[in-house]
>>> print(open('protein.txt').read())   # compact mmCIF, N, CA and C atoms
# COMPACT_ATOMS: atom_id res chain seq x y z
N MET P 1 -22.01 7.21 -121.46
CA MET P 1 -22.75 8.42 -121.16
C MET P 1 -22.74 9.33 -122.38
N LYS P 2 -23.87 9.83 -122.74
CA LYS P 2 -23.99 10.70 -123.91
C LYS P 2 -23.45 12.09 -123.60
N GLN P 3 -22.65 12.60 -124.53
CA GLN P 3 -22.06 13.93 -124.35
C GLN P 3 -23.08 15.00 -124.76
N LYS P 4 -23.18 16.05 -123.95
CA LYS P 4 -24.11 17.14 -124.25
C LYS P 4 -23.54 18.05 -125.32
N ASN P 5 -24.41 18.56 -126.16
CA ASN P 5 -24.01 19.53 -127.18
C ASN P 5 -23.86 20.90 -126.56
N VAL P 6 -22.99 21.72 -127.15
CA VAL P 6 -22.79 23.09 -126.71
C VAL P 6 -23.18 24.00 -127.86
N TYR P 7 -24.04 24.98 -127.56
CA TYR P 7 -24.56 25.87 -128.59
C TYR P 7 -24.14 27.31 -128.34
N VAL P 8 -24.08 28.07 -129.43
CA VAL P 8 -23.88 29.52 -129.37
C VAL P 8 -25.13 30.14 -129.98
N GLN P 9 -25.69 31.12 -129.29
CA GLN P 9 -26.90 31.78 -129.77
C GLN P 9 -26.61 33.28 -129.87
N SER P 10 -26.98 33.90 -130.97
CA SER P 10 -26.62 35.29 -131.23
C SER P 10 -27.29 36.30 -130.30
N ASP P 11 -28.39 35.97 -129.71
CA ASP P 11 -29.07 36.92 -128.84
C ASP P 11 -28.80 36.66 -127.35
N VAL P 12 -27.86 35.78 -127.05
CA VAL P 12 -27.47 35.49 -125.68
C VAL P 12 -25.97 35.77 -125.54
N PHE P 13 -25.63 36.80 -124.77
CA PHE P 13 -24.24 37.23 -124.66
C PHE P 13 -24.03 37.97 -123.36
N TYR P 14 -22.76 38.13 -122.98
CA TYR P 14 -22.37 39.04 -121.90
C TYR P 14 -21.69 40.23 -122.54
N GLN P 15 -21.89 41.40 -121.97
CA GLN P 15 -21.42 42.63 -122.58
C GLN P 15 -20.63 43.44 -121.56
N VAL P 16 -19.51 44.03 -122.03
CA VAL P 16 -18.70 44.92 -121.20
C VAL P 16 -18.53 46.22 -121.98
N LYS P 17 -18.94 47.33 -121.36
CA LYS P 17 -18.89 48.64 -122.02
C LYS P 17 -17.60 49.38 -121.65
N PRO P 18 -17.18 50.34 -122.49
CA PRO P 18 -15.96 51.11 -122.22
C PRO P 18 -15.98 51.85 -120.87
N SER P 19 -17.14 52.16 -120.37
CA SER P 19 -17.23 52.86 -119.08
C SER P 19 -16.72 52.02 -117.92
N GLU P 20 -16.56 50.72 -118.12
CA GLU P 20 -16.07 49.83 -117.07
C GLU P 20 -14.54 49.74 -117.03
N LEU P 21 -13.86 50.42 -117.94
CA LEU P 21 -12.40 50.34 -118.01
C LEU P 21 -11.74 50.83 -116.72
N LEU P 22 -12.22 51.92 -116.18
CA LEU P 22 -11.65 52.47 -114.95
C LEU P 22 -11.85 51.51 -113.77
N LYS P 23 -13.03 50.92 -113.67
CA LYS P 23 -13.30 49.96 -112.61
C LYS P 23 -12.34 48.77 -112.71
N LEU P 24 -12.12 48.29 -113.93
CA LEU P 24 -11.21 47.17 -114.14
C LEU P 24 -9.77 47.56 -113.80
N GLU P 25 -9.38 48.77 -114.16
CA GLU P 25 -8.03 49.23 -113.86
C GLU P 25 -7.80 49.28 -112.35
N ILE P 26 -8.78 49.72 -111.60
CA ILE P 26 -8.68 49.76 -110.14
C ILE P 26 -8.57 48.34 -109.57
N LEU P 27 -9.37 47.41 -110.10
CA LEU P 27 -9.29 46.02 -109.65
C LEU P 27 -7.90 45.42 -109.90
N ILE P 28 -7.32 45.74 -111.04
CA ILE P 28 -6.01 45.22 -111.39
C ILE P 28 -4.94 45.79 -110.47
N GLN P 29 -5.04 47.06 -110.14
CA GLN P 29 -4.05 47.69 -109.28
C GLN P 29 -4.17 47.27 -107.82
N THR P 30 -5.35 46.82 -107.42
CA THR P 30 -5.53 46.41 -106.03
C THR P 30 -5.24 44.92 -105.82
N GLY P 31 -4.72 44.26 -106.81
CA GLY P 31 -4.32 42.86 -106.64
C GLY P 31 -5.36 41.84 -107.06
N ALA P 32 -6.44 42.26 -107.67
CA ALA P 32 -7.48 41.32 -108.09
C ALA P 32 -7.39 41.02 -109.58
N LYS P 33 -6.18 41.16 -110.15
CA LYS P 33 -6.07 40.99 -111.61
C LYS P 33 -6.34 39.57 -112.07
N TYR P 34 -6.06 38.58 -111.22
CA TYR P 34 -6.30 37.20 -111.63
C TYR P 34 -7.59 36.63 -111.05
N SER P 35 -8.36 37.46 -110.42
CA SER P 35 -9.68 37.04 -109.93
C SER P 35 -10.63 36.93 -111.11
N PRO P 36 -11.62 36.05 -111.02
CA PRO P 36 -12.56 35.94 -112.13
C PRO P 36 -13.41 37.20 -112.29
N TYR P 37 -13.60 37.59 -113.53
CA TYR P 37 -14.49 38.71 -113.82
C TYR P 37 -15.91 38.25 -113.57
N LEU P 38 -16.69 39.05 -112.88
CA LEU P 38 -18.05 38.67 -112.53
C LEU P 38 -19.04 39.21 -113.56
N PHE P 39 -19.36 38.37 -114.54
CA PHE P 39 -20.41 38.73 -115.49
C PHE P 39 -21.74 38.75 -114.76
N ASN P 40 -22.69 39.46 -115.30
CA ASN P 40 -24.03 39.50 -114.73
C ASN P 40 -24.75 38.21 -115.13
N LYS P 41 -24.55 37.17 -114.35
CA LYS P 41 -25.12 35.86 -114.69
C LYS P 41 -26.44 35.65 -113.97
N ALA P 42 -27.40 36.47 -114.31
CA ALA P 42 -28.70 36.39 -113.65
C ALA P 42 -29.48 35.17 -114.12
N LYS P 43 -29.14 34.64 -115.27
CA LYS P 43 -29.94 33.60 -115.87
C LYS P 43 -29.03 32.52 -116.44
N GLN P 44 -29.38 31.27 -116.28
CA GLN P 44 -28.67 30.16 -116.91
C GLN P 44 -29.50 29.71 -118.12
N TYR P 45 -28.84 29.58 -119.25
CA TYR P 45 -29.52 29.21 -120.48
C TYR P 45 -29.23 27.75 -120.80
N SER P 46 -30.22 27.05 -121.34
CA SER P 46 -29.99 25.65 -121.70
C SER P 46 -30.95 25.21 -122.80
N TYR P 47 -30.59 24.10 -123.40
CA TYR P 47 -31.41 23.42 -124.39
C TYR P 47 -31.73 22.04 -123.83
N ALA P 48 -32.68 21.37 -124.43
CA ALA P 48 -33.05 20.04 -123.97
C ALA P 48 -31.89 19.06 -124.12
N ASP P 49 -31.13 19.19 -125.21
CA ASP P 49 -30.05 18.23 -125.47
C ASP P 49 -28.67 18.84 -125.29
N GLY P 50 -28.58 20.00 -124.64
CA GLY P 50 -27.25 20.60 -124.49
C GLY P 50 -27.26 21.85 -123.64
N ASP P 51 -26.21 22.62 -123.82
CA ASP P 51 -25.98 23.80 -123.00
C ASP P 51 -25.46 24.91 -123.90
N LEU P 52 -25.66 26.15 -123.50
CA LEU P 52 -25.10 27.28 -124.24
C LEU P 52 -23.68 27.53 -123.77
N ALA P 53 -22.82 27.89 -124.69
CA ALA P 53 -21.41 28.13 -124.39
C ALA P 53 -21.24 29.26 -123.38
N ILE P 54 -22.15 30.20 -123.37
CA ILE P 54 -22.04 31.36 -122.49
C ILE P 54 -22.04 30.96 -121.01
N ASN P 55 -22.67 29.84 -120.68
CA ASN P 55 -22.71 29.37 -119.30
C ASN P 55 -21.33 28.91 -118.81
N ARG P 56 -20.42 28.63 -119.73
CA ARG P 56 -19.11 28.12 -119.37
C ARG P 56 -18.01 29.18 -119.40
N LEU P 57 -18.37 30.40 -119.72
CA LEU P 57 -17.36 31.46 -119.84
C LEU P 57 -16.77 31.84 -118.49
N GLN P 58 -15.45 31.95 -118.46
CA GLN P 58 -14.74 32.46 -117.30
C GLN P 58 -13.52 33.20 -117.81
N PHE P 59 -13.41 34.47 -117.42
CA PHE P 59 -12.27 35.30 -117.76
C PHE P 59 -11.79 35.99 -116.49
N THR P 60 -10.52 36.34 -116.45
CA THR P 60 -10.00 37.10 -115.32
C THR P 60 -10.22 38.59 -115.58
N ASN P 61 -10.09 39.38 -114.52
CA ASN P 61 -10.22 40.83 -114.67
C ASN P 61 -9.17 41.37 -115.64
N LEU P 62 -7.96 40.81 -115.59
CA LEU P 62 -6.89 41.25 -116.48
C LEU P 62 -7.20 40.95 -117.93
N GLU P 63 -7.78 39.78 -118.20
CA GLU P 63 -8.15 39.43 -119.58
C GLU P 63 -9.23 40.36 -120.12
N ILE P 64 -10.23 40.66 -119.31
CA ILE P 64 -11.29 41.57 -119.74
C ILE P 64 -10.71 42.96 -119.96
N PHE P 65 -9.86 43.42 -119.05
CA PHE P 65 -9.22 44.74 -119.19
C PHE P 65 -8.41 44.80 -120.48
N THR P 66 -7.64 43.75 -120.77
CA THR P 66 -6.83 43.71 -121.98
C THR P 66 -7.69 43.78 -123.24
N LEU P 67 -8.75 43.00 -123.28
CA LEU P 67 -9.65 43.00 -124.44
C LEU P 67 -10.37 44.33 -124.60
N LEU P 68 -10.86 44.88 -123.51
CA LEU P 68 -11.57 46.16 -123.57
C LEU P 68 -10.63 47.28 -124.00
N ASN P 69 -9.42 47.27 -123.48
CA ASN P 69 -8.42 48.27 -123.87
C ASN P 69 -8.06 48.13 -125.35
N LYS P 70 -7.95 46.90 -125.83
CA LYS P 70 -7.66 46.66 -127.25
C LYS P 70 -8.79 47.19 -128.13
N ALA P 71 -10.04 46.92 -127.75
CA ALA P 71 -11.19 47.39 -128.53
C ALA P 71 -11.24 48.91 -128.56
N ILE P 72 -10.99 49.54 -127.42
CA ILE P 72 -11.01 51.00 -127.36
C ILE P 72 -9.88 51.58 -128.20
N ASN P 73 -8.71 50.97 -128.18
CA ASN P 73 -7.60 51.46 -129.01
C ASN P 73 -7.89 51.33 -130.50
N ILE P 74 -8.67 50.34 -130.88
CA ILE P 74 -9.04 50.18 -132.29
C ILE P 74 -10.00 51.28 -132.73
N VAL P 75 -10.95 51.65 -131.85
CA VAL P 75 -11.98 52.61 -132.25
C VAL P 75 -11.71 54.04 -131.82
N LYS P 76 -10.65 54.29 -131.06
CA LYS P 76 -10.47 55.61 -130.45
C LYS P 76 -10.30 56.76 -131.44
N ASP P 77 -9.87 56.50 -132.66
CA ASP P 77 -9.70 57.56 -133.65
C ASP P 77 -10.85 57.63 -134.65
N THR P 78 -11.91 56.87 -134.41
CA THR P 78 -13.04 56.89 -135.34
C THR P 78 -14.00 58.02 -134.99
N GLU P 79 -14.74 58.43 -135.97
CA GLU P 79 -15.73 59.50 -135.78
C GLU P 79 -16.79 59.10 -134.75
N GLU P 80 -17.19 57.83 -134.78
CA GLU P 80 -18.23 57.35 -133.88
C GLU P 80 -17.77 57.42 -132.42
N TYR P 81 -16.52 57.02 -132.15
CA TYR P 81 -16.03 57.04 -130.77
C TYR P 81 -15.83 58.48 -130.28
N ILE P 82 -15.34 59.34 -131.14
CA ILE P 82 -15.15 60.75 -130.76
C ILE P 82 -16.51 61.38 -130.46
N ASN P 83 -17.52 61.09 -131.28
CA ASN P 83 -18.88 61.59 -131.01
C ASN P 83 -19.41 61.03 -129.69
N TYR P 84 -19.12 59.77 -129.41
CA TYR P 84 -19.55 59.16 -128.15
C TYR P 84 -18.89 59.87 -126.96
N ILE P 85 -17.60 60.12 -127.03
CA ILE P 85 -16.89 60.79 -125.94
C ILE P 85 -17.44 62.20 -125.73
N ILE P 86 -17.65 62.93 -126.81
CA ILE P 86 -18.18 64.29 -126.71
C ILE P 86 -19.58 64.27 -126.11
N THR P 87 -20.43 63.37 -126.62
CA THR P 87 -21.80 63.27 -126.10
C THR P 87 -21.79 62.83 -124.64
N ASN P 88 -20.95 61.88 -124.30
CA ASN P 88 -20.87 61.37 -122.94
C ASN P 88 -20.36 62.43 -121.97
N THR P 89 -19.51 63.31 -122.45
CA THR P 89 -18.92 64.33 -121.59
C THR P 89 -19.83 65.54 -121.42
N PHE P 90 -20.46 65.99 -122.50
CA PHE P 90 -21.17 67.28 -122.47
C PHE P 90 -22.68 67.21 -122.57
N SER P 91 -23.26 66.05 -122.78
CA SER P 91 -24.71 65.98 -123.01
C SER P 91 -25.43 65.29 -121.86
N ASP P 92 -26.69 65.61 -121.71
CA ASP P 92 -27.52 64.94 -120.72
C ASP P 92 -28.23 63.71 -121.31
N ASP P 93 -28.17 63.54 -122.62
CA ASP P 93 -28.86 62.44 -123.31
C ASP P 93 -27.95 61.24 -123.54
N LYS P 94 -26.88 61.09 -122.78
CA LYS P 94 -25.88 60.06 -123.05
C LYS P 94 -26.42 58.64 -122.94
N VAL P 95 -27.31 58.38 -122.01
CA VAL P 95 -27.83 57.02 -121.85
C VAL P 95 -28.73 56.64 -123.02
N ILE P 96 -29.54 57.56 -123.46
CA ILE P 96 -30.48 57.29 -124.56
C ILE P 96 -29.73 57.16 -125.89
N TYR P 97 -28.80 58.05 -126.15
CA TYR P 97 -28.14 58.10 -127.45
C TYR P 97 -27.19 56.92 -127.67
N TYR P 98 -26.49 56.50 -126.64
CA TYR P 98 -25.52 55.42 -126.80
C TYR P 98 -25.84 54.27 -125.87
N SER P 99 -26.82 53.47 -126.22
CA SER P 99 -27.09 52.28 -125.43
C SER P 99 -25.99 51.25 -125.64
N VAL P 100 -25.38 51.24 -126.82
CA VAL P 100 -24.22 50.40 -127.10
C VAL P 100 -23.13 51.31 -127.67
N PRO P 101 -22.23 51.80 -126.82
CA PRO P 101 -21.19 52.71 -127.28
C PRO P 101 -20.09 51.98 -128.06
N PRO P 102 -19.39 52.68 -128.94
CA PRO P 102 -18.26 52.08 -129.64
C PRO P 102 -17.21 51.61 -128.63
N GLY P 103 -16.63 50.45 -128.89
CA GLY P 103 -15.66 49.87 -127.98
C GLY P 103 -16.26 48.83 -127.06
N THR P 104 -17.57 48.65 -127.11
CA THR P 104 -18.25 47.64 -126.30
C THR P 104 -17.87 46.25 -126.78
N ILE P 105 -17.67 45.34 -125.83
CA ILE P 105 -17.30 43.96 -126.15
C ILE P 105 -18.46 43.04 -125.79
N ARG P 106 -18.74 42.08 -126.66
CA ARG P 106 -19.74 41.05 -126.37
C ARG P 106 -19.07 39.68 -126.43
N PHE P 107 -19.40 38.87 -125.43
CA PHE P 107 -18.85 37.52 -125.30
C PHE P 107 -19.96 36.51 -125.58
N TYR P 108 -19.72 35.65 -126.57
CA TYR P 108 -20.65 34.58 -126.90
C TYR P 108 -20.07 33.22 -126.53
N ASP P 109 -18.76 33.09 -126.73
CA ASP P 109 -18.03 31.85 -126.48
C ASP P 109 -16.56 32.23 -126.29
N PHE P 110 -15.72 31.29 -125.89
CA PHE P 110 -14.30 31.59 -125.73
C PHE P 110 -13.66 32.04 -127.04
N ASP P 111 -14.12 31.48 -128.13
CA ASP P 111 -13.56 31.80 -129.44
C ASP P 111 -14.39 32.82 -130.21
N LEU P 112 -15.46 33.29 -129.65
CA LEU P 112 -16.33 34.24 -130.34
C LEU P 112 -16.57 35.45 -129.45
N ILE P 113 -15.66 36.43 -129.60
CA ILE P 113 -15.72 37.67 -128.85
C ILE P 113 -15.74 38.80 -129.88
N CYS P 114 -16.70 39.70 -129.76
CA CYS P 114 -16.87 40.77 -130.74
C CYS P 114 -16.82 42.13 -130.07
N PHE P 115 -16.45 43.15 -130.85
CA PHE P 115 -16.51 44.52 -130.36
C PHE P 115 -17.28 45.36 -131.36
N TYR P 116 -17.87 46.43 -130.87
CA TYR P 116 -18.68 47.33 -131.70
C TYR P 116 -17.83 48.53 -132.07
N ASN P 117 -17.70 48.79 -133.37
CA ASN P 117 -16.87 49.91 -133.81
C ASN P 117 -17.68 51.17 -134.09
N GLY P 118 -18.95 51.16 -133.74
CA GLY P 118 -19.82 52.31 -133.97
C GLY P 118 -20.76 52.09 -135.13
N LYS P 119 -20.46 51.12 -135.96
CA LYS P 119 -21.31 50.80 -137.11
C LYS P 119 -21.69 49.33 -137.14
N VAL P 120 -20.70 48.45 -136.97
CA VAL P 120 -20.93 47.01 -137.04
C VAL P 120 -20.16 46.31 -135.93
N TRP P 121 -20.52 45.05 -135.70
CA TRP P 121 -19.80 44.21 -134.75
C TRP P 121 -18.69 43.47 -135.51
N ARG P 122 -17.50 43.45 -134.92
CA ARG P 122 -16.35 42.77 -135.53
C ARG P 122 -15.74 41.83 -134.51
N LYS P 123 -15.17 40.75 -135.00
CA LYS P 123 -14.54 39.77 -134.12
C LYS P 123 -13.23 40.32 -133.60
N ILE P 124 -12.91 40.04 -132.35
CA ILE P 124 -11.65 40.47 -131.75
C ILE P 124 -10.98 39.25 -131.14
N LYS P 125 -9.65 39.23 -131.22
CA LYS P 125 -8.88 38.11 -130.66
C LYS P 125 -7.94 38.63 -129.60
N PHE P 126 -7.53 37.73 -128.71
CA PHE P 126 -6.53 38.08 -127.70
C PHE P 126 -5.24 38.47 -128.36
>>> encode(input="protein.txt", output="structure tokens")
Amino acid sequence: MKQKNVYVQSDVFYQVKPSELLKLEILIQTGAKYSPYLFNKAKQYSYADGDLAINRLQFTNLEIFTLLNKAINIVKDTEEYINYIITNTFSDDKVIYYSVPPGTIRFYDFDLICFYNGKVWRKIKF
């Protein structure tokens, strides 16, 4: 039997924003820490000769919480994150101004997880 290829595509990803940290913290405290995190899997992606790695992703709520907390701790003292917090707290234009806020994590594959520091995307590890 021929083995299918697995691909990673830069425009196909799952994303978790810093605003979800509180929701994840509540899930962890209520005993759902080892339950699978439910990505918005509205669409399955595929190629004729293989599959995209994103279709195989599975993380627990605790793993997502840990990664998101790590990304936020990396960016929390940056000018971009402070501006995001101020804008998010005091402005009515928060949705328009920060469609991708600093501290956002994108998942492409198990080994390819990135966070946004307000300027560029950087790889993050467990």
>>> atom_distance(input="protein.txt", atom1="atom N of Ile85 of chain P", atom2="atom CA of Lys17 of chain P")
12.6 Å
>>> residues_around(input="protein.txt", residues="Gln9 of chain P", least_positions_apart="6", cutoff="7 Å", atoms="all atoms listed in the file", output="list of chain:residue names")
P:Leu52, P:Ala53, P:Ile54, P:Tyr108
>>> residues_around(input="protein.txt", residues="segment 27-37 of chain P", least_positions_apart="4", cutoff="6.5 Å", atoms="all atoms listed in the file", output="PDB file with N, CA and C atoms, keeping the file's coordinate frame")
ATOM      1  N   LEU P  22     -12.220  51.920-116.180  1.00  0.00           N
ATOM      2  CA  LEU P  22     -11.650  52.470-114.950  1.00  0.00           C
ATOM      3  C   LEU P  22     -11.850  51.510-113.770  1.00  0.00           C
ATOM      4  N   LYS P  23     -13.030  50.920-113.670  1.00  0.00           N
ATOM      5  CA  LYS P  23     -13.300  49.960-112.610  1.00  0.00           C
ATOM      6  C   LYS P  23     -12.340  48.770-112.710  1.00  0.00           C
ATOM      7  N   GLN P  58     -15.450  31.950-118.460  1.00  0.00           N
ATOM      8  CA  GLN P  58     -14.740  32.460-117.300  1.00  0.00           C
ATOM      9  C   GLN P  58     -13.520  33.200-117.810  1.00  0.00           C
ATOM     10  N   PHE P  59     -13.410  34.470-117.420  1.00  0.00           N
ATOM     11  CA  PHE P  59     -12.270  35.300-117.760  1.00  0.00           C
ATOM     12  C   PHE P  59     -11.790  35.990-116.490  1.00  0.00           C
ATOM     13  N   THR P  60     -10.520  36.340-116.450  1.00  0.00           N
ATOM     14  CA  THR P  60     -10.000  37.100-115.320  1.00  0.00           C
ATOM     15  C   THR P  60     -10.220  38.590-115.580  1.00  0.00           C
ATOM     16  N   ASN P  61     -10.090  39.380-114.520  1.00  0.00           N
ATOM     17  CA  ASN P  61     -10.220  40.830-114.670  1.00  0.00           C
ATOM     18  C   ASN P  61      -9.170  41.370-115.640  1.00  0.00           C
ATOM     19  N   LEU P  62      -7.960  40.810-115.590  1.00  0.00           N
ATOM     20  CA  LEU P  62      -6.890  41.250-116.480  1.00  0.00           C
ATOM     21  C   LEU P  62      -7.200  40.950-117.930  1.00  0.00           C
ATOM     22  N   GLU P  63      -7.780  39.780-118.200  1.00  0.00           N
ATOM     23  CA  GLU P  63      -8.150  39.430-119.580  1.00  0.00           C
ATOM     24  C   GLU P  63      -9.230  40.360-120.120  1.00  0.00           C
TER      25      GLU P  63
END
>>> atom_distance(input="protein.txt", atom1="atom C of Phe126 of chain P", atom2="atom CA of Lys4 of chain P")
28.8 Å
>>> atom_distance(input="protein.txt", atom1="atom N of Arg106 of chain P", atom2="atom C of Arg122 of chain P")
8.4 Å
>>> residues_around(input="protein.txt", residues="Ala71 of chain P", least_positions_apart="4", cutoff="7 Å", atoms="all atoms listed in the file", output="ChimeraX atom specification")
/P:66-67,75-76,102-104,115
>>> select_by_dssp(input="protein.txt", residues="chain P", states="strand (DSSP E)", output="list in words")
Asn5, Val6, Tyr7, Tyr14, Gln15, Val16, Ser46, Tyr47, Gly50, Asp51, Leu52, Ile105, Arg106, Phe107, Tyr108, Asp109, Leu112, Ile113, Cys114, Phe115, Tyr116, Trp121, Arg122 and Lys123 of chain P
>>> write_last_selection(input="protein.txt", atoms="N, CA and C atoms", output="mmCIF file, in the coordinates of the input")
data_model
loop_
_atom_site.group_PDB
_atom_site.id
_atom_site.type_symbol
_atom_site.label_atom_id
_atom_site.label_comp_id
_atom_site.auth_asym_id
_atom_site.auth_seq_id
_atom_site.Cartn_x
_atom_site.Cartn_y
_atom_site.Cartn_z
ATOM 1 N N ASN P 5 -24.410 18.560 -126.160
ATOM 2 C CA ASN P 5 -24.010 19.530 -127.180
ATOM 3 C C ASN P 5 -23.860 20.900 -126.560
ATOM 4 N N VAL P 6 -22.990 21.720 -127.150
ATOM 5 C CA VAL P 6 -22.790 23.090 -126.710
ATOM 6 C C VAL P 6 -23.180 24.000 -127.860
ATOM 7 N N TYR P 7 -24.040 24.980 -127.560
ATOM 8 C CA TYR P 7 -24.560 25.870 -128.590
ATOM 9 C C TYR P 7 -24.140 27.310 -128.340
ATOM 10 N N TYR P 14 -22.760 38.130 -122.980
ATOM 11 C CA TYR P 14 -22.370 39.040 -121.900
ATOM 12 C C TYR P 14 -21.690 40.230 -122.540
ATOM 13 N N GLN P 15 -21.890 41.400 -121.970
ATOM 14 C CA GLN P 15 -21.420 42.630 -122.580
ATOM 15 C C GLN P 15 -20.630 43.440 -121.560
ATOM 16 N N VAL P 16 -19.510 44.030 -122.030
ATOM 17 C CA VAL P 16 -18.700 44.920 -121.200
ATOM 18 C C VAL P 16 -18.530 46.220 -121.980
ATOM 19 N N SER P 46 -30.220 27.050 -121.340
ATOM 20 C CA SER P 46 -29.990 25.650 -121.700
ATOM 21 C C SER P 46 -30.950 25.210 -122.800
ATOM 22 N N TYR P 47 -30.590 24.100 -123.400
ATOM 23 C CA TYR P 47 -31.410 23.420 -124.390
ATOM 24 C C TYR P 47 -31.730 22.040 -123.830
ATOM 25 N N GLY P 50 -28.580 20.000 -124.640
ATOM 26 C CA GLY P 50 -27.250 20.600 -124.490
ATOM 27 C C GLY P 50 -27.260 21.850 -123.640
ATOM 28 N N ASP P 51 -26.210 22.620 -123.820
ATOM 29 C CA ASP P 51 -25.980 23.800 -123.000
ATOM 30 C C ASP P 51 -25.460 24.910 -123.900
ATOM 31 N N LEU P 52 -25.660 26.150 -123.500
ATOM 32 C CA LEU P 52 -25.100 27.280 -124.240
ATOM 33 C C LEU P 52 -23.680 27.530 -123.770
ATOM 34 N N ILE P 105 -17.670 45.340 -125.830
ATOM 35 C CA ILE P 105 -17.300 43.960 -126.150
ATOM 36 C C ILE P 105 -18.460 43.040 -125.790
ATOM 37 N N ARG P 106 -18.740 42.080 -126.660
ATOM 38 C CA ARG P 106 -19.740 41.050 -126.370
ATOM 39 C C ARG P 106 -19.070 39.680 -126.430
ATOM 40 N N PHE P 107 -19.400 38.870 -125.430
ATOM 41 C CA PHE P 107 -18.850 37.520 -125.300
ATOM 42 C C PHE P 107 -19.960 36.510 -125.580
ATOM 43 N N TYR P 108 -19.720 35.650 -126.570
ATOM 44 C CA TYR P 108 -20.650 34.580 -126.900
ATOM 45 C C TYR P 108 -20.070 33.220 -126.530
ATOM 46 N N ASP P 109 -18.760 33.090 -126.730
ATOM 47 C CA ASP P 109 -18.030 31.850 -126.480
ATOM 48 C C ASP P 109 -16.560 32.230 -126.290
ATOM 49 N N LEU P 112 -15.460 33.290 -129.650
ATOM 50 C CA LEU P 112 -16.330 34.240 -130.340
ATOM 51 C C LEU P 112 -16.570 35.450 -129.450
ATOM 52 N N ILE P 113 -15.660 36.430 -129.600
ATOM 53 C CA ILE P 113 -15.720 37.670 -128.850
ATOM 54 C C ILE P 113 -15.740 38.800 -129.880
ATOM 55 N N CYS P 114 -16.700 39.700 -129.760
ATOM 56 C CA CYS P 114 -16.870 40.770 -130.740
ATOM 57 C C CYS P 114 -16.820 42.130 -130.070
ATOM 58 N N PHE P 115 -16.450 43.150 -130.850
ATOM 59 C CA PHE P 115 -16.510 44.520 -130.360
ATOM 60 C C PHE P 115 -17.280 45.360 -131.360
ATOM 61 N N TYR P 116 -17.870 46.430 -130.870
ATOM 62 C CA TYR P 116 -18.680 47.330 -131.700
ATOM 63 C C TYR P 116 -17.830 48.530 -132.070
ATOM 64 N N TRP P 121 -20.520 45.050 -135.700
ATOM 65 C CA TRP P 121 -19.800 44.210 -134.750
ATOM 66 C C TRP P 121 -18.690 43.470 -135.510
ATOM 67 N N ARG P 122 -17.500 43.450 -134.920
ATOM 68 C CA ARG P 122 -16.350 42.770 -135.530
ATOM 69 C C ARG P 122 -15.740 41.830 -134.510
ATOM 70 N N LYS P 123 -15.170 40.750 -135.000
ATOM 71 C CA LYS P 123 -14.540 39.770 -134.120
ATOM 72 C C LYS P 123 -13.230 40.320 -133.600
#
>>> closest_residue(input="protein.txt", among="P:Pro18, P:Pro101, P:Leu38, P:Ser91", to="Lys119 of chain P", atoms="all atoms listed in the file")
P:Pro101
>>> select_by_dssp(input="protein.txt", residues="chain P", states="helix (DSSP H, G or I)", output="PyMOL selection string")
chain P and resi 18-29+53-56+61-75+79-90+94-97
>>> closest_residue(input="protein.txt", among="P:Glu80, P:Asp51, P:Glu20, P:Asp111", to="Asn5 of chain P", atoms="only N, CA and C atoms")
P:Asp51
